[in-house]
>>> print(open('protein.cif').read())   # mmCIF, C-alpha atoms
data_protein
loop_
_atom_site.group_PDB
_atom_site.id
_atom_site.type_symbol
_atom_site.label_atom_id
_atom_site.label_comp_id
_atom_site.auth_asym_id
_atom_site.auth_seq_id
_atom_site.Cartn_x
_atom_site.Cartn_y
_atom_site.Cartn_z
ATOM 1 C CA GLN Q 4 -18.242 -6.876 -5.708
ATOM 2 C CA LYS Q 5 -14.905 -5.356 -4.816
ATOM 3 C CA GLU Q 6 -14.417 -4.181 -1.254
ATOM 4 C CA VAL Q 7 -13.359 -0.743 -2.473
ATOM 5 C CA GLU Q 8 -13.756 0.949 -5.836
ATOM 6 C CA GLN Q 9 -11.655 3.832 -7.090
ATOM 7 C CA ASP Q 10 -11.705 5.598 -10.440
ATOM 8 C CA PRO Q 11 -8.228 5.118 -11.942
ATOM 9 C CA GLY Q 12 -8.336 8.360 -13.905
ATOM 10 C CA PRO Q 13 -6.038 9.723 -15.191
ATOM 11 C CA LEU Q 14 -6.991 13.115 -13.844
ATOM 12 C CA SER Q 15 -5.304 16.238 -15.169
ATOM 13 C CA VAL Q 16 -5.866 19.681 -13.644
ATOM 14 C CA PRO Q 17 -4.250 23.133 -13.894
ATOM 15 C CA GLU Q 18 -2.105 24.393 -11.052
ATOM 16 C CA GLY Q 19 -4.195 26.026 -8.337
ATOM 17 C CA ALA Q 20 -7.303 23.915 -8.985
ATOM 18 C CA ILE Q 21 -9.230 22.081 -6.300
ATOM 19 C CA VAL Q 22 -8.917 18.334 -6.768
ATOM 20 C CA SER Q 23 -11.470 15.798 -5.577
ATOM 21 C CA LEU Q 24 -10.490 12.134 -5.365
ATOM 22 C CA ASN Q 25 -13.052 9.539 -4.354
ATOM 23 C CA CYS Q 26 -13.574 5.936 -3.344
ATOM 24 C CA THR Q 27 -16.648 3.888 -2.570
ATOM 25 C CA TYR Q 28 -16.746 0.795 -0.425
ATOM 26 C CA SER Q 29 -19.171 -2.029 0.169
ATOM 27 C CA ASN Q 30 -18.924 -3.105 3.820
ATOM 28 C CA SER Q 31 -20.445 -0.880 6.474
ATOM 29 C CA ALA Q 32 -18.138 -2.487 9.072
ATOM 30 C CA PHE Q 33 -15.170 -0.506 7.792
ATOM 31 C CA GLN Q 34 -14.142 2.115 10.304
ATOM 32 C CA TYR Q 35 -10.650 3.289 9.352
ATOM 33 C CA PHE Q 36 -9.925 5.141 6.162
ATOM 34 C CA MET Q 37 -6.595 6.127 4.717
ATOM 35 C CA TRP Q 38 -5.185 7.956 1.749
ATOM 36 C CA TYR Q 39 -1.743 7.162 0.416
ATOM 37 C CA ARG Q 40 0.253 9.136 -2.133
ATOM 38 C CA GLN Q 41 2.608 7.257 -4.429
ATOM 39 C CA TYR Q 42 5.126 9.075 -6.560
ATOM 40 C CA SER Q 43 6.597 7.365 -9.591
ATOM 41 C CA ARG Q 44 9.232 4.777 -8.618
ATOM 42 C CA LYS Q 45 8.427 5.171 -4.924
ATOM 43 C CA GLY Q 46 6.324 3.319 -2.384
ATOM 44 C CA PRO Q 47 2.962 4.530 -1.052
ATOM 45 C CA GLU Q 48 3.297 7.253 1.583
ATOM 46 C CA LEU Q 49 0.602 7.688 4.209
ATOM 47 C CA LEU Q 50 -1.048 11.052 3.613
ATOM 48 C CA MET Q 51 -4.232 11.107 5.664
ATOM 49 C CA TYR Q 52 -5.820 8.775 8.187
ATOM 50 C CA THR Q 53 -9.353 9.111 9.539
ATOM 51 C CA TYR Q 54 -11.661 7.175 11.779
ATOM 52 C CA SER Q 55 -15.418 6.974 11.242
ATOM 53 C CA SER Q 56 -17.365 9.816 9.638
ATOM 54 C CA GLY Q 57 -16.474 13.443 9.288
ATOM 55 C CA ASN Q 58 -13.706 15.623 7.975
ATOM 56 C CA LYS Q 59 -10.020 15.852 8.752
ATOM 57 C CA GLU Q 60 -7.855 18.668 7.491
ATOM 58 C CA ASP Q 61 -4.072 18.830 7.136
ATOM 59 C CA GLY Q 62 -2.776 21.859 5.310
ATOM 60 C CA ARG Q 63 -4.084 21.813 1.746
ATOM 61 C CA PHE Q 64 -5.531 18.313 2.179
ATOM 62 C CA THR Q 65 -8.958 17.387 3.546
ATOM 63 C CA ALA Q 66 -10.180 13.828 3.988
ATOM 64 C CA GLN Q 67 -13.921 13.315 4.186
ATOM 65 C CA VAL Q 68 -15.833 10.200 5.159
ATOM 66 C CA ASP Q 69 -19.554 9.660 4.607
ATOM 67 C CA LYS Q 70 -20.360 6.312 6.174
ATOM 68 C CA SER Q 71 -24.048 6.525 5.311
ATOM 69 C CA SER Q 72 -23.136 6.604 1.618
ATOM 70 C CA LYS Q 73 -20.009 4.442 2.007
ATOM 71 C CA TYR Q 74 -18.056 7.172 0.250
ATOM 72 C CA ILE Q 75 -14.683 8.693 1.059
ATOM 73 C CA SER Q 76 -13.019 11.699 -0.532
ATOM 74 C CA LEU Q 77 -9.700 13.483 -0.548
ATOM 75 C CA PHE Q 78 -9.714 17.156 -1.471
ATOM 76 C CA ILE Q 79 -6.561 19.001 -2.458
ATOM 77 C CA ARG Q 80 -6.758 22.796 -2.427
ATOM 78 C CA ASP Q 81 -4.450 25.036 -4.447
ATOM 79 C CA SER Q 82 -2.999 22.021 -6.211
ATOM 80 C CA GLN Q 83 0.698 22.127 -7.084
ATOM 81 C CA PRO Q 84 2.765 20.279 -9.700
ATOM 82 C CA SER Q 85 4.407 18.457 -6.778
ATOM 83 C CA ASP Q 86 1.005 16.887 -6.049
ATOM 84 C CA SER Q 87 1.285 14.917 -9.291
ATOM 85 C CA ALA Q 88 1.211 11.302 -8.147
ATOM 86 C CA THR Q 89 -1.066 8.308 -7.801
ATOM 87 C CA TYR Q 90 -3.436 8.470 -4.829
ATOM 88 C CA LEU Q 91 -4.571 5.241 -3.207
ATOM 89 C CA CYS Q 92 -7.443 4.912 -0.782
ATOM 90 C CA ALA Q 93 -7.343 2.156 1.822
ATOM 91 C CA ILE Q 94 -9.913 0.918 4.296
ATOM 92 C CA THR Q 95 -10.048 -1.560 7.131
ATOM 93 C CA THR Q 96 -12.131 -2.687 10.066
ATOM 94 C CA ASN Q 97 -11.038 -2.498 13.669
ATOM 95 C CA THR Q 98 -10.334 -6.204 13.921
ATOM 96 C CA GLY Q 99 -8.975 -7.186 10.525
ATOM 97 C CA ASN Q 100 -5.371 -7.279 9.475
ATOM 98 C CA GLN Q 101 -6.473 -6.823 5.878
ATOM 99 C CA PHE Q 102 -6.138 -3.408 4.359
ATOM 100 C CA TYR Q 103 -8.273 -3.133 1.250
ATOM 101 C CA PHE Q 104 -6.745 -0.817 -1.295
ATOM 102 C CA GLY Q 105 -8.259 0.950 -4.254
ATOM 103 C CA THR Q 106 -6.545 0.718 -7.630
ATOM 104 C CA GLY Q 107 -5.291 4.292 -7.332
ATOM 105 C CA THR Q 108 -6.089 7.515 -9.191
ATOM 106 C CA SER Q 109 -3.325 9.058 -11.280
ATOM 107 C CA LEU Q 110 -3.225 12.850 -10.882
ATOM 108 C CA THR Q 111 -1.244 15.326 -12.954
ATOM 109 C CA VAL Q 112 -1.149 19.004 -11.997
ATOM 110 C CA ILE Q 113 -0.126 21.108 -14.955
ATOM 111 C CA PRO Q 114 1.936 24.262 -14.249
ATOM 112 C CA GLU Y 13 18.209 5.166 8.374
ATOM 113 C CA THR Y 14 14.518 5.630 9.033
ATOM 114 C CA GLY Y 15 11.286 4.046 7.849
ATOM 115 C CA VAL Y 16 11.144 0.937 5.703
ATOM 116 C CA THR Y 17 14.091 0.121 3.445
ATOM 117 C CA GLN Y 18 13.977 -2.360 0.589
ATOM 118 C CA THR Y 19 16.832 -3.776 -1.461
ATOM 119 C CA PRO Y 20 17.498 -4.153 -4.282
ATOM 120 C CA ARG Y 21 15.449 -1.407 -5.910
ATOM 121 C CA HIS Y 22 15.531 -3.161 -9.277
ATOM 122 C CA LEU Y 23 16.003 -6.814 -10.132
ATOM 123 C CA VAL Y 24 16.073 -8.556 -13.480
ATOM 124 C CA MET Y 25 16.202 -12.316 -13.410
ATOM 125 C CA GLY Y 26 15.646 -15.311 -15.598
ATOM 126 C CA MET Y 27 12.960 -17.834 -14.867
ATOM 127 C CA THR Y 28 15.422 -20.372 -13.508
ATOM 128 C CA ASN Y 29 17.302 -18.012 -11.185
ATOM 129 C CA LYS Y 30 17.079 -17.825 -7.418
ATOM 130 C CA LYS Y 31 17.150 -14.411 -5.802
ATOM 131 C CA SER Y 32 16.009 -12.764 -2.589
ATOM 132 C CA LEU Y 33 14.363 -9.460 -1.753
ATOM 133 C CA LYS Y 34 15.203 -7.806 1.538
ATOM 134 C CA CYS Y 35 13.184 -5.480 3.738
ATOM 135 C CA GLU Y 36 14.223 -3.757 6.944
ATOM 136 C CA GLN Y 37 12.084 -1.509 9.117
ATOM 137 C CA HIS Y 38 13.428 0.992 11.624
ATOM 138 C CA LEU Y 39 10.069 1.936 13.145
ATOM 139 C CA GLY Y 40 9.970 -0.538 16.009
ATOM 140 C CA HIS Y 41 6.913 -2.223 14.506
ATOM 141 C CA ASN Y 42 5.844 -5.789 15.215
ATOM 142 C CA ALA Y 43 4.023 -6.629 11.985
ATOM 143 C CA MET Y 44 5.465 -6.852 8.478
ATOM 144 C CA TYR Y 45 3.853 -7.505 5.116
ATOM 145 C CA TRP Y 46 4.705 -8.347 1.514
ATOM 146 C CA TYR Y 47 2.539 -6.909 -1.249
ATOM 147 C CA LYS Y 48 2.572 -7.248 -5.025
ATOM 148 C CA GLN Y 49 1.672 -4.161 -7.060
ATOM 149 C CA SER Y 50 0.788 -4.590 -10.717
ATOM 150 C CA ALA Y 51 -0.409 -1.919 -13.114
ATOM 151 C CA LYS Y 52 -4.116 -1.072 -12.895
ATOM 152 C CA LYS Y 53 -4.654 -3.483 -9.981
ATOM 153 C CA PRO Y 54 -5.085 -2.962 -6.246
ATOM 154 C CA LEU Y 55 -2.233 -3.955 -4.001
ATOM 155 C CA GLU Y 56 -2.258 -7.720 -3.499
ATOM 156 C CA LEU Y 57 -1.401 -8.862 0.005
ATOM 157 C CA MET Y 58 0.951 -11.842 -0.130
ATOM 158 C CA PHE Y 59 2.203 -12.572 3.381
ATOM 159 C CA VAL Y 60 1.723 -11.231 6.896
ATOM 160 C CA TYR Y 61 4.107 -11.660 9.812
ATOM 161 C CA ASN Y 62 3.409 -10.777 13.422
ATOM 162 C CA PHE Y 63 6.314 -10.908 15.880
ATOM 163 C CA LYS Y 64 8.209 -12.862 13.174
ATOM 164 C CA GLU Y 65 5.490 -15.545 12.967
ATOM 165 C CA GLN Y 66 3.633 -15.926 9.690
ATOM 166 C CA THR Y 67 -0.053 -15.286 10.242
ATOM 167 C CA GLU Y 68 -1.277 -15.180 6.688
ATOM 168 C CA ASN Y 69 -0.425 -16.580 3.274
ATOM 169 C CA ASN Y 70 -2.857 -15.389 0.648
ATOM 170 C CA SER Y 71 -2.660 -18.448 -1.617
ATOM 171 C CA VAL Y 72 0.716 -17.368 -2.906
ATOM 172 C CA PRO Y 73 2.506 -19.863 -5.183
ATOM 173 C CA SER Y 74 5.340 -21.768 -3.547
ATOM 174 C CA ARG Y 75 7.885 -20.149 -5.869
ATOM 175 C CA PHE Y 76 7.630 -17.241 -3.405
ATOM 176 C CA SER Y 77 9.050 -18.131 -0.008
ATOM 177 C CA PRO Y 78 9.053 -15.568 2.827
ATOM 178 C CA GLU Y 79 11.384 -15.490 5.784
ATOM 179 C CA CYS Y 80 11.189 -13.307 8.878
ATOM 180 C CA PRO Y 81 14.171 -13.846 11.193
ATOM 181 C CA ASN Y 82 13.094 -11.037 13.548
ATOM 182 C CA SER Y 83 10.543 -8.235 13.742
ATOM 183 C CA SER Y 84 12.792 -5.840 11.855
ATOM 184 C CA HIS Y 85 13.748 -7.941 8.848
ATOM 185 C CA LEU Y 86 11.728 -9.641 6.154
ATOM 186 C CA PHE Y 87 12.904 -11.532 3.096
ATOM 187 C CA LEU Y 88 11.164 -12.847 0.017
ATOM 188 C CA HIS Y 89 13.009 -15.705 -1.641
ATOM 189 C CA LEU Y 90 12.274 -16.145 -5.324
ATOM 190 C CA HIS Y 91 12.697 -19.322 -7.352
ATOM 191 C CA THR Y 92 11.559 -20.385 -10.817
ATOM 192 C CA LEU Y 93 9.433 -17.321 -11.366
ATOM 193 C CA GLN Y 94 7.094 -16.743 -14.304
ATOM 194 C CA PRO Y 95 6.838 -13.673 -16.563
ATOM 195 C CA GLU Y 96 3.532 -12.743 -14.898
ATOM 196 C CA ASP Y 97 5.434 -12.327 -11.628
ATOM 197 C CA SER Y 98 7.018 -9.145 -12.991
ATOM 198 C CA ALA Y 99 5.736 -6.368 -10.727
ATOM 199 C CA LEU Y 100 6.647 -3.982 -7.934
ATOM 200 C CA TYR Y 101 7.049 -5.848 -4.650
ATOM 201 C CA LEU Y 102 6.342 -3.710 -1.631
ATOM 202 C CA CYS Y 103 7.193 -4.333 1.985
ATOM 203 C CA ALA Y 104 5.185 -2.657 4.723
ATOM 204 C CA SER Y 105 5.110 -2.609 8.487
ATOM 205 C CA SER Y 106 2.684 -1.590 11.211
ATOM 206 C CA GLN Y 107 2.775 -1.438 14.970
ATOM 207 C CA GLU Y 108 0.389 -4.349 15.384
ATOM 208 C CA VAL Y 109 -1.451 -6.823 13.209
ATOM 209 C CA ARG Y 110 -5.245 -6.938 13.488
ATOM 210 C CA ALA Y 111 -5.469 -3.338 14.544
ATOM 211 C CA GLY Y 112 -7.303 -1.064 12.174
ATOM 212 C CA ASN Y 113 -5.974 1.989 13.948
ATOM 213 C CA GLN Y 114 -2.398 1.126 12.997
ATOM 214 C CA PRO Y 115 -1.746 2.258 9.410
ATOM 215 C CA GLN Y 116 0.872 0.487 7.362
ATOM 216 C CA HIS Y 117 4.078 2.190 6.301
ATOM 217 C CA PHE Y 118 5.654 1.158 3.014
ATOM 218 C CA GLY Y 119 9.110 0.882 1.546
ATOM 219 C CA ASP Y 120 9.875 2.049 -1.992
ATOM 220 C CA GLY Y 121 9.645 -1.459 -3.368
ATOM 221 C CA THR Y 122 11.703 -3.726 -5.598
ATOM 222 C CA ARG Y 123 10.878 -3.522 -9.297
ATOM 223 C CA LEU Y 124 11.149 -7.117 -10.488
ATOM 224 C CA SER Y 125 11.406 -8.087 -14.138
ATOM 225 C CA ILE Y 126 11.352 -11.723 -15.220
ATOM 226 C CA LEU Y 127 12.935 -12.469 -18.563
#
>>> encode(input="protein.cif", output="structure tokens")
Amino acid sequence: QKEVEQDPGPLSVPEGAIVSLNCTYSNSAFQYFMWYRQYSRKGPELLMYTYSSGNKEDGRFTAQVDKSSKYISLFIRDSQPSDSATYLCAITTNTGNQFYFGTGTSLTVIP
Amino acid sequence: ETGVTQTPRHLVMGMTNKKSLKCEQHLGHNAMYWYKQSAKKPLELMFVYNFKEQTENNSVPSRFSPECPNSSHLFLHLHTLQPEDSALYLCASSQEVRAGNQPQHFGDGTRLSIL
């Protein structure tokens, strides 16, 4: 079983839609959860970073962690064409130097 | 310059060539990493350095040889590569190794193509 699973998509939505991106993970010891955005021909850029369960909001982006279900989500409100990118989830424990990454979900926002 | 800088951005080489990838971070971090990114696969961690000492080698073939002269610079020396080594090679850094509360910051990668 993979440490983290992520639907690769591709996902295509109209401009202004609410986007939901998700990952599941297998180890309940994971405590730190990250979302990275990767534009074409660029490296991953840290978008959101959360610890433990709950929600974290930053502008149009909300990261949600449900540790009981081992499920993390990234919501994008009022999606824009500039949000078109691949979104990677990443998880780690407090003591490991391993960051487990999902395969990434490709998102296209159509004007 | 800020962040993590990688050069060259693109590299095409034959299987018998020797080349090096360079990474420099301007974030004052102590840990640096090499990753391989292939299509439809998760990032594959290759090497980890902490205070310029290698702490992890994830069973990477010896045709990849890392070098970390100081905490700001990281190299990946390439020799006798195979076509399956074609990928995007990403460098990352973080404040500390073995600290889950220290996210990694990435460069834009070197797109490597092996002929």
>>> atom_distance(input="protein.cif", atom1="atom CA of Val7 of chain Q", atom2="atom CA of Val16 of chain Y")
25.9 Å
>>> atom_distance(input="protein.cif", atom1="atom CA of Phe104 of chain Q", atom2="atom CA of Leu24 of chain Q")
14.1 Å
>>> closest_residue(input="protein.cif", among="Q:Pro47, Q:Ala93, Q:Tyr39, Q:Ser109", to="Ala104 of chain Y", atoms="all atoms listed in the file")
Q:Pro47
>>> atom_distance(input="protein.cif", atom1="atom CA of Asn25 of chain Q", atom2="atom CA of Tyr74 of chain Q")
7.2 Å
>>> resolve_selection(input="protein.cif", expression="the PyMOL selection byres ((chain Q) within 12 of (chain Y))", output="ChimeraX atom specification")
/Q:5-13,32-55,89-109
>>> closest_residue(input="protein.cif", among="Y:Lys48, Y:His91, Y:Lys64, Y:Lys30", to="Glu79 of chain Y", atoms="only C-alpha atoms")
Y:Lys64
>>> residues_around(input="protein.cif", residues="Thr19 of chain Y", least_positions_apart="5", cutoff="7 Å", atoms="all atoms listed in the file", output="list in words")
Leu33, Lys34, Cys35 and Thr122 of chain Y
>>> resolve_selection(input="protein.cif", expression="the PyMOL selection byres ((chain Q and resi 75-78) around 7)", output="list in words")
Ile21, Val22, Ser23, Leu24, Asn25, Cys26, Thr27, Phe64, Thr65, Ala66, Gln67, Val68, Asp69, Lys73, Tyr74, Ile79 and Arg80 of chain Q
>>> closest_residue(input="protein.cif", among="Q:Asn58, Q:Asn30, Q:Leu110, Q:Ser87", to="Ser71 of chain Q", atoms="all atoms listed in the file")
Q:Asn30
>>> resolve_selection(input="protein.cif", expression="the PyMOL selection byres ((chain Q and resi 83) around 8)", output="list in words")
Glu18, Gly19, Asp81, Ser82, Pro84, Ser85, Asp86, Ser87, Val112, Ile113 and Pro114 of chain Q
>>> closest_residue(input="protein.cif", among="Y:Cys80, Y:Pro73, Y:Ser106, Y:Tyr47", to="Leu93 of chain Y", atoms="only C-alpha atoms")
Y:Pro73
>>> axis_aligned_box(input="protein.cif", around="segment 74-90 of chain Y", padding_each_side="8 Å", output="JSON")
{"center_x": 9.8, "center_y": -13.8, "center_z": 3.9, "size_x": 24.8, "size_y": 31.9, "size_z": 35.6}
>>> closest_residue(input="protein.cif", among="Q:Ser56, Q:Thr111, Q:Ser72, Q:Ser15", to="Ser29 of chain Q", atoms="all atoms listed in the file")
Q:Ser72
>>> build_atoms(input="protein.cif", residues="segment 70-106 of chain Y", atoms="N, CA and C atoms", output="compact mmCIF listing (two decimals), in the frame of the given file")
# COMPACT_ATOMS: atom_id res chain seq x y z
N ASN Y 70 -1.69 -15.56 1.50
CA ASN Y 70 -2.86 -15.39 0.65
C ASN Y 70 -2.76 -16.21 -0.63
N SER Y 71 -2.69 -17.53 -0.47
CA SER Y 71 -2.66 -18.45 -1.62
C SER Y 71 -1.57 -18.08 -2.60
N VAL Y 72 -0.40 -17.76 -2.06
CA VAL Y 72 0.72 -17.37 -2.91
C VAL Y 72 1.43 -18.63 -3.39
N PRO Y 73 1.79 -18.68 -4.67
CA PRO Y 73 2.51 -19.86 -5.18
C PRO Y 73 3.80 -20.12 -4.42
N SER Y 74 4.18 -21.38 -4.35
CA SER Y 74 5.34 -21.77 -3.55
C SER Y 74 6.66 -21.26 -4.12
N ARG Y 75 6.65 -20.73 -5.33
CA ARG Y 75 7.88 -20.15 -5.87
C ARG Y 75 8.26 -18.85 -5.14
N PHE Y 76 7.35 -18.36 -4.31
CA PHE Y 76 7.63 -17.24 -3.40
C PHE Y 76 7.73 -17.80 -1.99
N SER Y 77 8.86 -17.58 -1.34
CA SER Y 77 9.05 -18.13 -0.01
C SER Y 77 9.50 -17.02 0.94
N PRO Y 78 8.66 -16.65 1.91
CA PRO Y 78 9.05 -15.57 2.83
C PRO Y 78 9.87 -16.09 3.99
N GLU Y 79 10.62 -15.16 4.58
CA GLU Y 79 11.38 -15.49 5.78
C GLU Y 79 11.43 -14.26 6.66
N CYS Y 80 11.18 -14.44 7.95
CA CYS Y 80 11.19 -13.31 8.88
C CYS Y 80 12.01 -13.69 10.10
N PRO Y 81 13.31 -13.43 10.08
CA PRO Y 81 14.17 -13.85 11.19
C PRO Y 81 13.92 -13.07 12.49
N ASN Y 82 13.43 -11.84 12.37
CA ASN Y 82 13.09 -11.04 13.55
C ASN Y 82 12.10 -9.97 13.12
N SER Y 83 11.61 -9.20 14.06
CA SER Y 83 10.54 -8.24 13.74
C SER Y 83 11.00 -7.09 12.85
N SER Y 84 12.29 -6.96 12.66
CA SER Y 84 12.79 -5.84 11.86
C SER Y 84 13.14 -6.22 10.42
N HIS Y 85 13.28 -7.49 10.16
CA HIS Y 85 13.75 -7.94 8.85
C HIS Y 85 12.78 -8.92 8.22
N LEU Y 86 12.61 -8.76 6.92
CA LEU Y 86 11.73 -9.64 6.15
C LEU Y 86 12.38 -9.90 4.80
N PHE Y 87 12.34 -11.16 4.39
CA PHE Y 87 12.90 -11.53 3.10
C PHE Y 87 11.82 -12.19 2.25
N LEU Y 88 12.01 -12.10 0.95
CA LEU Y 88 11.16 -12.85 0.02
C LEU Y 88 12.09 -13.57 -0.94
N HIS Y 89 12.14 -14.89 -0.80
CA HIS Y 89 13.01 -15.70 -1.64
C HIS Y 89 12.24 -16.10 -2.90
N LEU Y 90 12.91 -15.94 -4.03
CA LEU Y 90 12.27 -16.14 -5.32
C LEU Y 90 12.94 -17.29 -6.06
N HIS Y 91 12.13 -18.16 -6.65
CA HIS Y 91 12.70 -19.32 -7.35
C HIS Y 91 11.75 -19.75 -8.45
N THR Y 92 12.32 -19.91 -9.66
CA THR Y 92 11.56 -20.39 -10.82
C THR Y 92 10.32 -19.52 -11.06
N LEU Y 93 10.55 -18.24 -11.16
CA LEU Y 93 9.43 -17.32 -11.37
C LEU Y 93 8.93 -17.34 -12.81
N GLN Y 94 7.74 -16.82 -13.00
CA GLN Y 94 7.09 -16.74 -14.30
C GLN Y 94 7.04 -15.29 -14.77
N PRO Y 95 6.91 -15.06 -16.07
CA PRO Y 95 6.84 -13.67 -16.56
C PRO Y 95 5.74 -12.86 -15.89
N GLU Y 96 4.62 -13.49 -15.53
CA GLU Y 96 3.53 -12.74 -14.90
C GLU Y 96 3.86 -12.30 -13.47
N ASP Y 97 5.00 -12.76 -12.96
CA ASP Y 97 5.43 -12.33 -11.63
C ASP Y 97 6.16 -10.98 -11.68
N SER Y 98 6.40 -10.47 -12.86
CA SER Y 98 7.02 -9.14 -12.99
C SER Y 98 6.07 -8.11 -12.40
N ALA Y 99 6.58 -7.33 -11.44
CA ALA Y 99 5.74 -6.37 -10.73
C ALA Y 99 6.62 -5.58 -9.76
N LEU Y 100 5.98 -4.69 -9.04
CA LEU Y 100 6.65 -3.98 -7.93
C LEU Y 100 6.29 -4.71 -6.64
N TYR Y 101 7.28 -5.14 -5.91
CA TYR Y 101 7.05 -5.85 -4.65
C TYR Y 101 7.33 -4.89 -3.50
N LEU Y 102 6.29 -4.68 -2.71
CA LEU Y 102 6.34 -3.71 -1.63
C LEU Y 102 6.34 -4.40 -0.28
N CYS Y 103 7.18 -3.91 0.59
CA CYS Y 103 7.19 -4.33 1.98
C CYS Y 103 6.54 -3.24 2.82
N ALA Y 104 5.81 -3.63 3.83
CA ALA Y 104 5.18 -2.66 4.72
C ALA Y 104 5.30 -3.15 6.16
N SER Y 105 5.13 -2.22 7.08
CA SER Y 105 5.11 -2.61 8.49
C SER Y 105 4.06 -1.79 9.22
N SER Y 106 3.59 -2.33 10.34
CA SER Y 106 2.68 -1.59 11.21
C SER Y 106 2.96 -1.99 12.64
